[in-house]
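Here's model_18.cif, which has mmCIF, N, CA and C atoms:
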data_model
#
loop_
_atom_site.label_atom_id
_atom_site.label_comp_id
_atom_site.auth_asym_id
_atom_site.auth_seq_id
_atom_site.Cartn_x
_atom_site.Cartn_y
_atom_site.Cartn_z
N MET K 1 -1.24 -17.89 -64.54
CA MET K 1 -0.63 -16.82 -63.79
C MET K 1 0.70 -16.47 -64.45
N LYS K 2 0.95 -15.21 -64.54
CA LYS K 2 2.15 -14.73 -65.20
C LYS K 2 3.21 -14.39 -64.14
N TRP K 3 4.44 -14.86 -64.36
CA TRP K 3 5.55 -14.55 -63.44
C TRP K 3 6.15 -13.22 -63.86
N ASN K 4 6.24 -12.35 -62.88
CA ASN K 4 6.99 -11.12 -63.08
C ASN K 4 7.89 -10.91 -61.87
N TRP K 5 8.64 -9.83 -61.85
CA TRP K 5 9.60 -9.64 -60.75
C TRP K 5 8.91 -9.49 -59.40
N GLY K 6 7.73 -8.92 -59.35
CA GLY K 6 6.99 -8.77 -58.09
C GLY K 6 6.58 -10.12 -57.52
N THR K 7 6.10 -11.01 -58.39
CA THR K 7 5.71 -12.34 -57.95
C THR K 7 6.94 -13.11 -57.45
N GLY K 8 8.06 -12.98 -58.13
CA GLY K 8 9.30 -13.65 -57.71
C GLY K 8 9.77 -13.17 -56.35
N ILE K 9 9.67 -11.88 -56.09
CA ILE K 9 10.07 -11.34 -54.78
C ILE K 9 9.17 -11.88 -53.68
N VAL K 10 7.87 -11.92 -53.91
CA VAL K 10 6.93 -12.41 -52.91
C VAL K 10 7.18 -13.90 -52.63
N VAL K 11 7.38 -14.70 -53.68
CA VAL K 11 7.63 -16.12 -53.50
C VAL K 11 8.97 -16.32 -52.77
N GLY K 12 10.01 -15.56 -53.14
CA GLY K 12 11.31 -15.67 -52.49
C GLY K 12 11.24 -15.29 -51.02
N MET K 13 10.55 -14.21 -50.70
CA MET K 13 10.41 -13.80 -49.30
C MET K 13 9.60 -14.82 -48.51
N SER K 14 8.57 -15.38 -49.11
CA SER K 14 7.74 -16.40 -48.43
C SER K 14 8.58 -17.64 -48.12
N CYS K 15 9.40 -18.05 -49.06
CA CYS K 15 10.26 -19.22 -48.83
C CYS K 15 11.27 -18.92 -47.70
N PHE K 16 11.84 -17.73 -47.71
CA PHE K 16 12.81 -17.36 -46.69
C PHE K 16 12.14 -17.31 -45.30
N ILE K 17 10.96 -16.73 -45.22
CA ILE K 17 10.23 -16.65 -43.95
C ILE K 17 9.87 -18.05 -43.46
N GLY K 18 9.44 -18.92 -44.38
CA GLY K 18 9.13 -20.31 -44.01
C GLY K 18 10.36 -21.04 -43.50
N PHE K 19 11.50 -20.81 -44.13
CA PHE K 19 12.77 -21.42 -43.73
C PHE K 19 13.15 -20.97 -42.31
N ILE K 20 13.05 -19.69 -42.04
CA ILE K 20 13.38 -19.16 -40.71
C ILE K 20 12.41 -19.69 -39.67
N LEU K 21 11.11 -19.72 -39.96
CA LEU K 21 10.12 -20.24 -39.02
C LEU K 21 10.37 -21.71 -38.71
N TYR K 22 10.77 -22.48 -39.71
CA TYR K 22 11.08 -23.90 -39.48
C TYR K 22 12.20 -24.02 -38.44
N PHE K 23 13.27 -23.25 -38.58
CA PHE K 23 14.37 -23.34 -37.63
C PHE K 23 14.00 -22.81 -36.25
N VAL K 24 13.20 -21.76 -36.18
CA VAL K 24 12.76 -21.24 -34.88
C VAL K 24 11.91 -22.27 -34.15
N ILE K 25 10.97 -22.88 -34.83
CA ILE K 25 10.11 -23.88 -34.21
C ILE K 25 10.92 -25.10 -33.80
N THR K 26 11.88 -25.51 -34.63
CA THR K 26 12.74 -26.65 -34.29
C THR K 26 13.55 -26.34 -33.03
N MET K 27 14.11 -25.17 -32.93
CA MET K 27 14.93 -24.80 -31.78
C MET K 27 14.10 -24.72 -30.50
N ILE K 28 12.86 -24.31 -30.60
CA ILE K 28 12.01 -24.16 -29.42
C ILE K 28 11.49 -25.52 -28.93
N THR K 29 11.14 -26.40 -29.84
CA THR K 29 10.48 -27.64 -29.44
C THR K 29 11.43 -28.81 -29.23
N ASP K 30 12.59 -28.84 -29.83
CA ASP K 30 13.52 -29.98 -29.72
C ASP K 30 14.32 -29.87 -28.43
N GLN K 31 14.30 -30.94 -27.61
CA GLN K 31 14.99 -30.94 -26.32
C GLN K 31 16.51 -30.92 -26.46
N ARG K 32 17.03 -31.33 -27.61
CA ARG K 32 18.48 -31.28 -27.80
C ARG K 32 19.01 -29.84 -27.80
N TYR K 33 18.16 -28.91 -28.11
CA TYR K 33 18.56 -27.50 -28.15
C TYR K 33 18.00 -26.74 -26.96
N SER K 34 17.96 -27.40 -25.82
CA SER K 34 17.42 -26.78 -24.61
C SER K 34 18.24 -25.54 -24.26
N HIS K 35 17.57 -24.47 -23.93
CA HIS K 35 18.24 -23.21 -23.60
C HIS K 35 17.79 -22.70 -22.23
N ASP K 36 17.76 -23.63 -21.28
CA ASP K 36 17.37 -23.26 -19.93
C ASP K 36 18.43 -22.37 -19.30
N LEU K 37 18.04 -21.73 -18.22
CA LEU K 37 18.99 -20.92 -17.47
C LEU K 37 20.03 -21.82 -16.82
N VAL K 38 21.19 -21.29 -16.57
CA VAL K 38 22.24 -22.05 -15.92
C VAL K 38 21.80 -22.43 -14.51
N THR K 39 21.14 -21.54 -13.84
CA THR K 39 20.64 -21.80 -12.50
C THR K 39 19.18 -21.36 -12.42
N GLU K 40 18.42 -22.07 -11.64
CA GLU K 40 17.01 -21.74 -11.48
C GLU K 40 16.82 -20.50 -10.61
N GLU K 41 17.64 -20.36 -9.58
CA GLU K 41 17.51 -19.24 -8.65
C GLU K 41 18.50 -18.13 -9.01
N TYR K 42 18.39 -17.63 -10.24
CA TYR K 42 19.37 -16.66 -10.70
C TYR K 42 19.29 -15.35 -9.91
N TYR K 43 18.12 -14.96 -9.44
CA TYR K 43 18.00 -13.71 -8.68
C TYR K 43 18.72 -13.84 -7.34
N GLU K 44 18.54 -14.99 -6.67
CA GLU K 44 19.23 -15.22 -5.39
C GLU K 44 20.74 -15.26 -5.61
N LYS K 45 21.17 -15.88 -6.70
CA LYS K 45 22.60 -15.94 -7.01
C LYS K 45 23.15 -14.54 -7.26
N GLU K 46 22.37 -13.71 -7.91
CA GLU K 46 22.80 -12.34 -8.18
C GLU K 46 22.95 -11.55 -6.88
N MET K 47 22.05 -11.76 -5.95
CA MET K 47 22.16 -11.08 -4.66
C MET K 47 23.40 -11.57 -3.90
N TYR K 48 23.69 -12.86 -3.98
CA TYR K 48 24.87 -13.40 -3.33
C TYR K 48 26.14 -12.89 -4.01
N TYR K 49 26.07 -12.72 -5.33
CA TYR K 49 27.23 -12.23 -6.07
C TYR K 49 27.60 -10.82 -5.62
N GLN K 50 26.63 -10.00 -5.29
CA GLN K 50 26.93 -8.65 -4.78
C GLN K 50 27.68 -8.75 -3.45
N ASN K 51 27.31 -9.72 -2.61
CA ASN K 51 28.04 -9.94 -1.35
C ASN K 51 29.49 -10.34 -1.64
N GLU K 52 29.70 -11.16 -2.68
CA GLU K 52 31.06 -11.54 -3.07
C GLU K 52 31.87 -10.33 -3.51
N ILE K 53 31.25 -9.45 -4.28
CA ILE K 53 31.94 -8.24 -4.73
C ILE K 53 32.33 -7.38 -3.53
N ASP K 54 31.43 -7.24 -2.58
CA ASP K 54 31.73 -6.45 -1.37
C ASP K 54 32.85 -7.10 -0.57
N ALA K 55 32.84 -8.43 -0.46
CA ALA K 55 33.89 -9.13 0.30
C ALA K 55 35.24 -8.99 -0.39
N GLU K 56 35.27 -9.07 -1.72
CA GLU K 56 36.52 -8.87 -2.45
C GLU K 56 37.04 -7.45 -2.29
N THR K 57 36.13 -6.49 -2.28
CA THR K 57 36.51 -5.09 -2.07
C THR K 57 37.11 -4.91 -0.68
N ASN K 58 36.51 -5.55 0.32
CA ASN K 58 37.06 -5.48 1.68
C ASN K 58 38.48 -6.04 1.73
N ALA K 59 38.70 -7.17 1.04
CA ALA K 59 40.04 -7.78 1.03
C ALA K 59 41.04 -6.88 0.30
N ASN K 60 40.60 -6.25 -0.78
CA ASN K 60 41.50 -5.36 -1.52
C ASN K 60 41.80 -4.07 -0.76
N ASN K 61 40.93 -3.69 0.17
CA ASN K 61 41.13 -2.47 0.93
C ASN K 61 42.03 -2.66 2.16
N LEU K 62 42.44 -3.90 2.42
CA LEU K 62 43.37 -4.12 3.53
C LEU K 62 44.68 -3.41 3.22
N SER K 63 45.32 -2.86 4.26
CA SER K 63 46.56 -2.12 4.03
C SER K 63 47.68 -3.05 3.54
N GLU K 64 47.65 -4.29 3.95
CA GLU K 64 48.63 -5.27 3.50
C GLU K 64 47.87 -6.35 2.72
N LYS K 65 48.31 -6.67 1.54
CA LYS K 65 47.62 -7.61 0.67
C LYS K 65 48.01 -9.06 0.98
N ILE K 66 47.16 -9.97 0.57
CA ILE K 66 47.46 -11.39 0.68
C ILE K 66 48.50 -11.73 -0.40
N VAL K 67 49.49 -12.52 -0.02
CA VAL K 67 50.55 -12.92 -0.94
C VAL K 67 50.50 -14.43 -1.09
N SER K 68 50.61 -14.90 -2.33
CA SER K 68 50.64 -16.35 -2.54
C SER K 68 51.78 -16.69 -3.48
N LYS K 69 52.41 -17.83 -3.22
CA LYS K 69 53.54 -18.26 -4.05
C LYS K 69 53.74 -19.76 -3.90
N ARG K 70 54.44 -20.32 -4.87
CA ARG K 70 54.76 -21.75 -4.84
C ARG K 70 56.02 -21.95 -4.00
N THR K 71 55.97 -22.98 -3.15
CA THR K 71 57.14 -23.34 -2.36
C THR K 71 57.45 -24.81 -2.61
N GLU K 72 58.49 -25.31 -1.96
CA GLU K 72 58.86 -26.72 -2.12
C GLU K 72 57.79 -27.66 -1.58
N ASN K 73 57.05 -27.21 -0.57
CA ASN K 73 56.06 -28.06 0.09
C ASN K 73 54.66 -27.93 -0.49
N GLY K 74 54.43 -26.97 -1.38
CA GLY K 74 53.10 -26.75 -1.95
C GLY K 74 52.90 -25.29 -2.29
N TRP K 75 51.67 -24.83 -2.14
CA TRP K 75 51.33 -23.44 -2.43
C TRP K 75 51.10 -22.71 -1.11
N MET K 76 51.85 -21.64 -0.87
CA MET K 76 51.80 -20.89 0.38
C MET K 76 51.00 -19.60 0.17
N ILE K 77 50.02 -19.40 1.04
CA ILE K 77 49.24 -18.16 1.05
C ILE K 77 49.50 -17.48 2.38
N THR K 78 49.95 -16.22 2.31
CA THR K 78 50.28 -15.47 3.52
C THR K 78 49.25 -14.38 3.73
N PHE K 79 48.60 -14.42 4.89
CA PHE K 79 47.62 -13.41 5.26
C PHE K 79 48.32 -12.18 5.82
N PRO K 80 47.66 -11.03 5.78
CA PRO K 80 48.28 -9.81 6.32
C PRO K 80 48.64 -9.96 7.80
N SER K 81 49.78 -9.42 8.17
CA SER K 81 50.25 -9.54 9.56
C SER K 81 49.41 -8.70 10.53
N GLN K 82 48.65 -7.75 10.01
CA GLN K 82 47.81 -6.91 10.87
C GLN K 82 46.62 -7.67 11.44
N LEU K 83 46.29 -8.84 10.85
CA LEU K 83 45.14 -9.61 11.29
C LEU K 83 45.54 -10.59 12.38
N ASN K 84 44.66 -10.76 13.36
CA ASN K 84 44.84 -11.77 14.40
C ASN K 84 44.31 -13.10 13.84
N VAL K 85 45.19 -14.08 13.66
CA VAL K 85 44.80 -15.33 12.99
C VAL K 85 43.74 -16.11 13.76
N GLU K 86 43.62 -15.89 15.06
CA GLU K 86 42.62 -16.60 15.84
C GLU K 86 41.20 -16.12 15.51
N LYS K 87 41.06 -14.92 14.97
CA LYS K 87 39.75 -14.37 14.63
C LYS K 87 39.33 -14.66 13.19
N ILE K 88 40.21 -15.26 12.40
CA ILE K 88 39.91 -15.56 11.00
C ILE K 88 39.17 -16.89 10.94
N LYS K 89 37.96 -16.86 10.43
CA LYS K 89 37.13 -18.06 10.27
C LYS K 89 36.62 -18.09 8.83
N GLY K 90 36.73 -19.25 8.19
CA GLY K 90 36.23 -19.33 6.83
C GLY K 90 36.59 -20.62 6.14
N LYS K 91 36.49 -20.60 4.80
CA LYS K 91 36.72 -21.78 3.99
C LYS K 91 37.61 -21.42 2.80
N MET K 92 38.32 -22.43 2.34
CA MET K 92 39.12 -22.30 1.13
C MET K 92 38.62 -23.34 0.13
N PHE K 93 38.41 -22.89 -1.11
CA PHE K 93 37.93 -23.77 -2.17
C PHE K 93 38.92 -23.74 -3.32
N LEU K 94 39.41 -24.89 -3.73
CA LEU K 94 40.29 -25.00 -4.88
C LEU K 94 39.52 -25.68 -6.00
N TYR K 95 39.47 -25.00 -7.12
CA TYR K 95 38.70 -25.44 -8.28
C TYR K 95 39.66 -25.76 -9.42
N ARG K 96 39.54 -26.93 -9.96
CA ARG K 96 40.36 -27.35 -11.09
C ARG K 96 39.46 -27.35 -12.33
N PRO K 97 39.60 -26.38 -13.25
CA PRO K 97 38.69 -26.29 -14.40
C PRO K 97 38.70 -27.52 -15.30
N SER K 98 39.82 -28.22 -15.39
CA SER K 98 39.90 -29.33 -16.32
C SER K 98 39.43 -30.66 -15.73
N ASN K 99 39.25 -30.74 -14.40
CA ASN K 99 38.87 -32.02 -13.80
C ASN K 99 38.13 -31.75 -12.48
N GLN K 100 36.84 -31.95 -12.49
CA GLN K 100 36.00 -31.68 -11.33
C GLN K 100 36.33 -32.59 -10.14
N VAL K 101 36.87 -33.76 -10.41
CA VAL K 101 37.18 -34.71 -9.34
C VAL K 101 38.26 -34.15 -8.41
N LEU K 102 39.13 -33.29 -8.93
CA LEU K 102 40.23 -32.74 -8.14
C LEU K 102 39.82 -31.56 -7.26
N ASP K 103 38.63 -31.00 -7.44
CA ASP K 103 38.16 -29.88 -6.63
C ASP K 103 38.07 -30.30 -5.17
N PHE K 104 38.41 -29.38 -4.27
CA PHE K 104 38.21 -29.66 -2.86
C PHE K 104 38.02 -28.38 -2.07
N GLU K 105 37.41 -28.53 -0.90
CA GLU K 105 37.13 -27.40 -0.01
C GLU K 105 37.57 -27.79 1.40
N THR K 106 38.19 -26.85 2.10
CA THR K 106 38.62 -27.11 3.47
C THR K 106 38.33 -25.90 4.35
N GLU K 107 38.20 -26.16 5.62
CA GLU K 107 38.05 -25.09 6.59
C GLU K 107 39.41 -24.45 6.82
N LEU K 108 39.42 -23.15 7.08
CA LEU K 108 40.67 -22.46 7.39
C LEU K 108 41.08 -22.79 8.82
N SER K 109 42.31 -23.22 8.97
CA SER K 109 42.87 -23.44 10.31
C SER K 109 44.29 -22.88 10.27
N LEU K 110 44.42 -21.69 10.80
CA LEU K 110 45.71 -20.99 10.76
C LEU K 110 46.36 -21.01 12.13
N SER K 111 47.63 -21.38 12.15
CA SER K 111 48.39 -21.28 13.39
C SER K 111 49.27 -20.03 13.36
N ASP K 112 49.64 -19.62 12.16
CA ASP K 112 50.33 -18.35 11.98
C ASP K 112 49.70 -17.69 10.75
N HIS K 113 50.34 -16.72 10.17
CA HIS K 113 49.74 -16.00 9.05
C HIS K 113 49.87 -16.73 7.72
N ASN K 114 50.43 -17.93 7.74
CA ASN K 114 50.63 -18.70 6.52
C ASN K 114 49.65 -19.85 6.42
N LEU K 115 49.16 -20.07 5.22
CA LEU K 115 48.29 -21.20 4.92
C LEU K 115 48.97 -21.98 3.81
N LEU K 116 49.26 -23.24 4.07
CA LEU K 116 49.95 -24.08 3.09
C LEU K 116 48.98 -25.09 2.50
N ILE K 117 48.91 -25.09 1.16
CA ILE K 117 48.16 -26.13 0.46
C ILE K 117 49.20 -27.18 0.08
N PRO K 118 49.13 -28.38 0.67
CA PRO K 118 50.18 -29.37 0.47
C PRO K 118 50.36 -29.78 -0.99
N ASP K 119 51.58 -30.12 -1.30
CA ASP K 119 51.95 -30.51 -2.66
C ASP K 119 51.19 -31.76 -3.11
N ASN K 120 50.87 -32.66 -2.18
CA ASN K 120 50.19 -33.90 -2.56
C ASN K 120 48.73 -33.69 -2.93
N LYS K 121 48.15 -32.54 -2.63
CA LYS K 121 46.75 -32.26 -2.98
C LYS K 121 46.62 -31.57 -4.33
N MET K 122 47.75 -31.09 -4.88
CA MET K 122 47.69 -30.34 -6.12
C MET K 122 48.56 -31.02 -7.17
N ILE K 123 48.04 -31.06 -8.40
CA ILE K 123 48.84 -31.53 -9.52
C ILE K 123 49.09 -30.35 -10.44
N GLY K 124 50.05 -30.49 -11.31
CA GLY K 124 50.40 -29.39 -12.20
C GLY K 124 49.25 -28.96 -13.08
N GLY K 125 49.14 -27.66 -13.30
CA GLY K 125 48.09 -27.11 -14.15
C GLY K 125 47.44 -25.89 -13.52
N ARG K 126 46.32 -25.50 -14.09
CA ARG K 126 45.61 -24.30 -13.64
C ARG K 126 44.66 -24.63 -12.49
N TRP K 127 44.66 -23.75 -11.48
CA TRP K 127 43.77 -23.85 -10.33
C TRP K 127 43.17 -22.48 -10.07
N ASN K 128 41.93 -22.46 -9.60
CA ASN K 128 41.31 -21.25 -9.10
C ASN K 128 41.16 -21.39 -7.59
N ILE K 129 41.78 -20.47 -6.86
CA ILE K 129 41.71 -20.49 -5.40
C ILE K 129 40.73 -19.42 -4.95
N THR K 130 39.79 -19.81 -4.09
CA THR K 130 38.85 -18.87 -3.49
C THR K 130 38.89 -19.08 -1.98
N ILE K 131 39.22 -18.02 -1.26
CA ILE K 131 39.22 -18.06 0.19
C ILE K 131 38.17 -17.07 0.66
N ASP K 132 37.19 -17.58 1.38
CA ASP K 132 36.08 -16.78 1.90
C ASP K 132 36.17 -16.82 3.42
N TRP K 133 36.41 -15.67 4.03
CA TRP K 133 36.57 -15.66 5.47
C TRP K 133 35.94 -14.43 6.09
N THR K 134 35.71 -14.52 7.41
CA THR K 134 35.20 -13.39 8.17
C THR K 134 36.22 -13.04 9.25
N TYR K 135 36.28 -11.75 9.55
CA TYR K 135 37.19 -11.26 10.57
C TYR K 135 36.48 -10.10 11.27
N ASP K 136 36.23 -10.25 12.55
CA ASP K 136 35.49 -9.25 13.34
C ASP K 136 34.14 -8.91 12.70
N GLY K 137 33.43 -9.93 12.22
CA GLY K 137 32.10 -9.73 11.66
C GLY K 137 32.08 -9.18 10.24
N GLN K 138 33.23 -8.94 9.65
CA GLN K 138 33.32 -8.40 8.29
C GLN K 138 33.71 -9.54 7.34
N SER K 139 33.05 -9.58 6.18
CA SER K 139 33.33 -10.63 5.19
C SER K 139 34.47 -10.21 4.27
N TYR K 140 35.31 -11.18 3.95
CA TYR K 140 36.42 -10.97 3.03
C TYR K 140 36.47 -12.13 2.05
N MET K 141 36.96 -11.85 0.85
CA MET K 141 37.11 -12.91 -0.14
C MET K 141 38.35 -12.63 -0.97
N TYR K 142 39.12 -13.70 -1.18
CA TYR K 142 40.33 -13.63 -1.99
C TYR K 142 40.18 -14.65 -3.11
N LYS K 143 40.38 -14.20 -4.36
CA LYS K 143 40.31 -15.09 -5.51
C LYS K 143 41.59 -14.92 -6.32
N GLU K 144 42.09 -16.06 -6.80
CA GLU K 144 43.27 -16.01 -7.64
C GLU K 144 43.30 -17.24 -8.55
N GLU K 145 43.75 -17.02 -9.78
CA GLU K 145 43.98 -18.12 -10.71
C GLU K 145 45.48 -18.36 -10.74
N ILE K 146 45.87 -19.61 -10.52
CA ILE K 146 47.31 -19.91 -10.47
C ILE K 146 47.64 -21.05 -11.44
N LEU K 147 48.88 -21.11 -11.82
CA LEU K 147 49.43 -22.25 -12.54
C LEU K 147 50.39 -22.95 -11.60
N TYR K 148 50.07 -24.18 -11.24
CA TYR K 148 50.92 -24.90 -10.30
C TYR K 148 51.87 -25.81 -11.04
#

Just give me the structure of the file as structure tokens.
Amino acid sequence: MKWNWGTGIVVGMSCFIGFILYFVITMITDQRYSHDLVTEEYYEKEMYYQNEIDAETNANNLSEKIVSKRTENGWMITFPSQLNVEKIKGKMFLYRPSNQVLDFETELSLSDHNLLIPDNKMIGGRWNITIDWTYDGQSYMYKEEILY
């Protein structure tokens, strides 16, 4: 058989295709390269995510916004004064991206328009605060990333 440029191109392309097929088959069959979905019920999560978007929109549409700041005693979150605190029911979730052990969730219990996260529950660093509450049958959600 005589080698010419056409034969070289065919052999080169065949080697390249074989190389790519080897990696594709390895990625599909090897469990170390598992590419499963993050969650099995992704459709249900997507439907719930739309509810979160609506709740955040409701919170942003309040005439007075939620204010949060660091104080000597911890992190203070102030709810709008137009809301009756006795009708606010919900949960607060604090997420620490660097350490899952520090994450915690508590029920909202407001005596006035202020919610204090005590200093002893938080250490310095980044936190994600999510407050999910209902007021007069309407859902609200407040999210904020803070550096404590």

Problem set entry | Residues matched by the PyMOL selection byres (((chain K and resi 114-122 and name CA) around 10) and name CA), written as number ranges by chain | K: 66-81, 85, 92, 94, 96, 102-104, 108-113, 123-127, 148

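Nearest-residue note for Tyr140 (chain K): choosing from K:Cys15, K:Ala55, K:Met27, K:Ile88, the minimum distance belongs to K:Ala55, counting all atoms listed in the file.
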
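Atom pair CA of Lys65 (chain K) / CA of Tyr142 (chain K) has a distance of 9.8 Å (rounded to one decimal).
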
For this session: Apply DSSP to the structure's backbone, then extract all residues of region 12-137 of chain K labelled helix (DSSP H, G or I) and return them as a PyMOL selection string.
Result: chain K and resi 12-29+31-33+42-60+85-87+100-102+119-121

Output file for the residues above (N, CA and C atoms, as a CSV table (one decimal), in the coordinates of the input):
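Okay, again.csv is ready:
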chain,number,residue,atom,x,y,z
K,12,GLY,N,10.0,-15.6,-53.1
K,12,GLY,CA,11.3,-15.7,-52.5
K,12,GLY,C,11.2,-15.3,-51.0
K,13,MET,N,10.6,-14.2,-50.7
K,13,MET,CA,10.4,-13.8,-49.3
K,13,MET,C,9.6,-14.8,-48.5
K,14,SER,N,8.6,-15.4,-49.1
K,14,SER,CA,7.7,-16.4,-48.4
K,14,SER,C,8.6,-17.6,-48.1
K,15,CYS,N,9.4,-18.0,-49.1
K,15,CYS,CA,10.3,-19.2,-48.8
K,15,CYS,C,11.3,-18.9,-47.7
K,16,PHE,N,11.8,-17.7,-47.7
K,16,PHE,CA,12.8,-17.4,-46.7
K,16,PHE,C,12.1,-17.3,-45.3
K,17,ILE,N,11.0,-16.7,-45.2
K,17,ILE,CA,10.2,-16.6,-44.0
K,17,ILE,C,9.9,-18.0,-43.5
K,18,GLY,N,9.4,-18.9,-44.4
K,18,GLY,CA,9.1,-20.3,-44.0
K,18,GLY,C,10.4,-21.0,-43.5
K,19,PHE,N,11.5,-20.8,-44.1
K,19,PHE,CA,12.8,-21.4,-43.7
K,19,PHE,C,13.2,-21.0,-42.3
K,20,ILE,N,13.0,-19.7,-42.0
K,20,ILE,CA,13.4,-19.2,-40.7
K,20,ILE,C,12.4,-19.7,-39.7
K,21,LEU,N,11.1,-19.7,-40.0
K,21,LEU,CA,10.1,-20.2,-39.0
K,21,LEU,C,10.4,-21.7,-38.7
K,22,TYR,N,10.8,-22.5,-39.7
K,22,TYR,CA,11.1,-23.9,-39.5
K,22,TYR,C,12.2,-24.0,-38.4
K,23,PHE,N,13.3,-23.2,-38.6
K,23,PHE,CA,14.4,-23.3,-37.6
K,23,PHE,C,14.0,-22.8,-36.2
K,24,VAL,N,13.2,-21.8,-36.2
K,24,VAL,CA,12.8,-21.2,-34.9
K,24,VAL,C,11.9,-22.3,-34.2
K,25,ILE,N,11.0,-22.9,-34.8
K,25,ILE,CA,10.1,-23.9,-34.2
K,25,ILE,C,10.9,-25.1,-33.8
K,26,THR,N,11.9,-25.5,-34.6
K,26,THR,CA,12.7,-26.6,-34.3
K,26,THR,C,13.6,-26.3,-33.0
K,27,MET,N,14.1,-25.2,-32.9
K,27,MET,CA,14.9,-24.8,-31.8
K,27,MET,C,14.1,-24.7,-30.5
K,28,ILE,N,12.9,-24.3,-30.6
K,28,ILE,CA,12.0,-24.2,-29.4
K,28,ILE,C,11.5,-25.5,-28.9
K,29,THR,N,11.1,-26.4,-29.8
K,29,THR,CA,10.5,-27.6,-29.4
K,29,THR,C,11.4,-28.8,-29.2
K,31,GLN,N,14.3,-30.9,-27.6
K,31,GLN,CA,15.0,-30.9,-26.3
K,31,GLN,C,16.5,-30.9,-26.5
K,32,ARG,N,17.0,-31.3,-27.6
K,32,ARG,CA,18.5,-31.3,-27.8
K,32,ARG,C,19.0,-29.8,-27.8
K,33,TYR,N,18.2,-28.9,-28.1
K,33,TYR,CA,18.6,-27.5,-28.2
K,33,TYR,C,18.0,-26.7,-27.0
K,42,TYR,N,18.4,-17.6,-10.2
K,42,TYR,CA,19.4,-16.7,-10.7
K,42,TYR,C,19.3,-15.4,-9.9
K,43,TYR,N,18.1,-15.0,-9.4
K,43,TYR,CA,18.0,-13.7,-8.7
K,43,TYR,C,18.7,-13.8,-7.3
K,44,GLU,N,18.5,-15.0,-6.7
K,44,GLU,CA,19.2,-15.2,-5.4
K,44,GLU,C,20.7,-15.3,-5.6
K,45,LYS,N,21.2,-15.9,-6.7
K,45,LYS,CA,22.6,-15.9,-7.0
K,45,LYS,C,23.2,-14.5,-7.3
K,46,GLU,N,22.4,-13.7,-7.9
K,46,GLU,CA,22.8,-12.3,-8.2
K,46,GLU,C,23.0,-11.6,-6.9
K,47,MET,N,22.0,-11.8,-6.0
K,47,MET,CA,22.2,-11.1,-4.7
K,47,MET,C,23.4,-11.6,-3.9
K,48,TYR,N,23.7,-12.9,-4.0
K,48,TYR,CA,24.9,-13.4,-3.3
K,48,TYR,C,26.1,-12.9,-4.0
K,49,TYR,N,26.1,-12.7,-5.3
K,49,TYR,CA,27.2,-12.2,-6.1
K,49,TYR,C,27.6,-10.8,-5.6
K,50,GLN,N,26.6,-10.0,-5.3
K,50,GLN,CA,26.9,-8.6,-4.8
K,50,GLN,C,27.7,-8.8,-3.4
K,51,ASN,N,27.3,-9.7,-2.6
K,51,ASN,CA,28.0,-9.9,-1.4
K,51,ASN,C,29.5,-10.3,-1.6
K,52,GLU,N,29.7,-11.2,-2.7
K,52,GLU,CA,31.1,-11.5,-3.1
K,52,GLU,C,31.9,-10.3,-3.5
K,53,ILE,N,31.2,-9.4,-4.3
K,53,ILE,CA,31.9,-8.2,-4.7
K,53,ILE,C,32.3,-7.4,-3.5
K,54,ASP,N,31.4,-7.2,-2.6
K,54,ASP,CA,31.7,-6.4,-1.4
K,54,ASP,C,32.8,-7.1,-0.6
K,55,ALA,N,32.8,-8.4,-0.5
K,55,ALA,CA,33.9,-9.1,0.3
K,55,ALA,C,35.2,-9.0,-0.4
K,56,GLU,N,35.3,-9.1,-1.7
K,56,GLU,CA,36.5,-8.9,-2.4
K,56,GLU,C,37.0,-7.4,-2.3
K,57,THR,N,36.1,-6.5,-2.3
K,57,THR,CA,36.5,-5.1,-2.1
K,57,THR,C,37.1,-4.9,-0.7
K,58,ASN,N,36.5,-5.6,0.3
K,58,ASN,CA,37.1,-5.5,1.7
K,58,ASN,C,38.5,-6.0,1.7
K,59,ALA,N,38.7,-7.2,1.0
K,59,ALA,CA,40.0,-7.8,1.0
K,59,ALA,C,41.0,-6.9,0.3
K,60,ASN,N,40.6,-6.2,-0.8
K,60,ASN,CA,41.5,-5.4,-1.5
K,60,ASN,C,41.8,-4.1,-0.8
K,85,VAL,N,45.2,-14.1,13.7
K,85,VAL,CA,44.8,-15.3,13.0
K,85,VAL,C,43.7,-16.1,13.8
K,86,GLU,N,43.6,-15.9,15.1
K,86,GLU,CA,42.6,-16.6,15.8
K,86,GLU,C,41.2,-16.1,15.5
K,87,LYS,N,41.1,-14.9,15.0
K,87,LYS,CA,39.8,-14.4,14.6
K,87,LYS,C,39.3,-14.7,13.2
K,100,GLN,N,36.8,-32.0,-12.5
K,100,GLN,CA,36.0,-31.7,-11.3
K,100,GLN,C,36.3,-32.6,-10.1
K,101,VAL,N,36.9,-33.8,-10.4
K,101,VAL,CA,37.2,-34.7,-9.3
K,101,VAL,C,38.3,-34.2,-8.4
K,102,LEU,N,39.1,-33.3,-8.9
K,102,LEU,CA,40.2,-32.7,-8.1
K,102,LEU,C,39.8,-31.6,-7.3
K,119,ASP,N,51.6,-30.1,-1.3
K,119,ASP,CA,52.0,-30.5,-2.7
K,119,ASP,C,51.2,-31.8,-3.1
K,120,ASN,N,50.9,-32.7,-2.2
K,120,ASN,CA,50.2,-33.9,-2.6
K,120,ASN,C,48.7,-33.7,-2.9
K,121,LYS,N,48.2,-32.5,-2.6
K,121,LYS,CA,46.8,-32.3,-3.0
K,121,LYS,C,46.6,-31.6,-4.3

Exercise. Which residues match the PyMOL selection byres ((chain K and resi 143) around 8) in the file above, as a ChimeraX atom specification?
Worked result: /K:56,128-132,140-142,144-146

For this session: For Asn58 (chain K), work out the shell of residues within 8 Å, counting all atoms listed in the file and skipping chain neighbours fewer than 5 positions away, then give it as a list in words.
Result: Glu52, Ile53, Ser63, Gln138, Ser139, Tyr140 and Met141 of chain K

For this session: Please report, as a VMD selection string, each residue of region 14-131 of chain K to which DSSP assigns strand (DSSP E or B) when run on this structure's backbone.
Result: chain K and resid 67 to 71 74 to 78 89 to 95 104 to 107 114 to 118 126 to 131
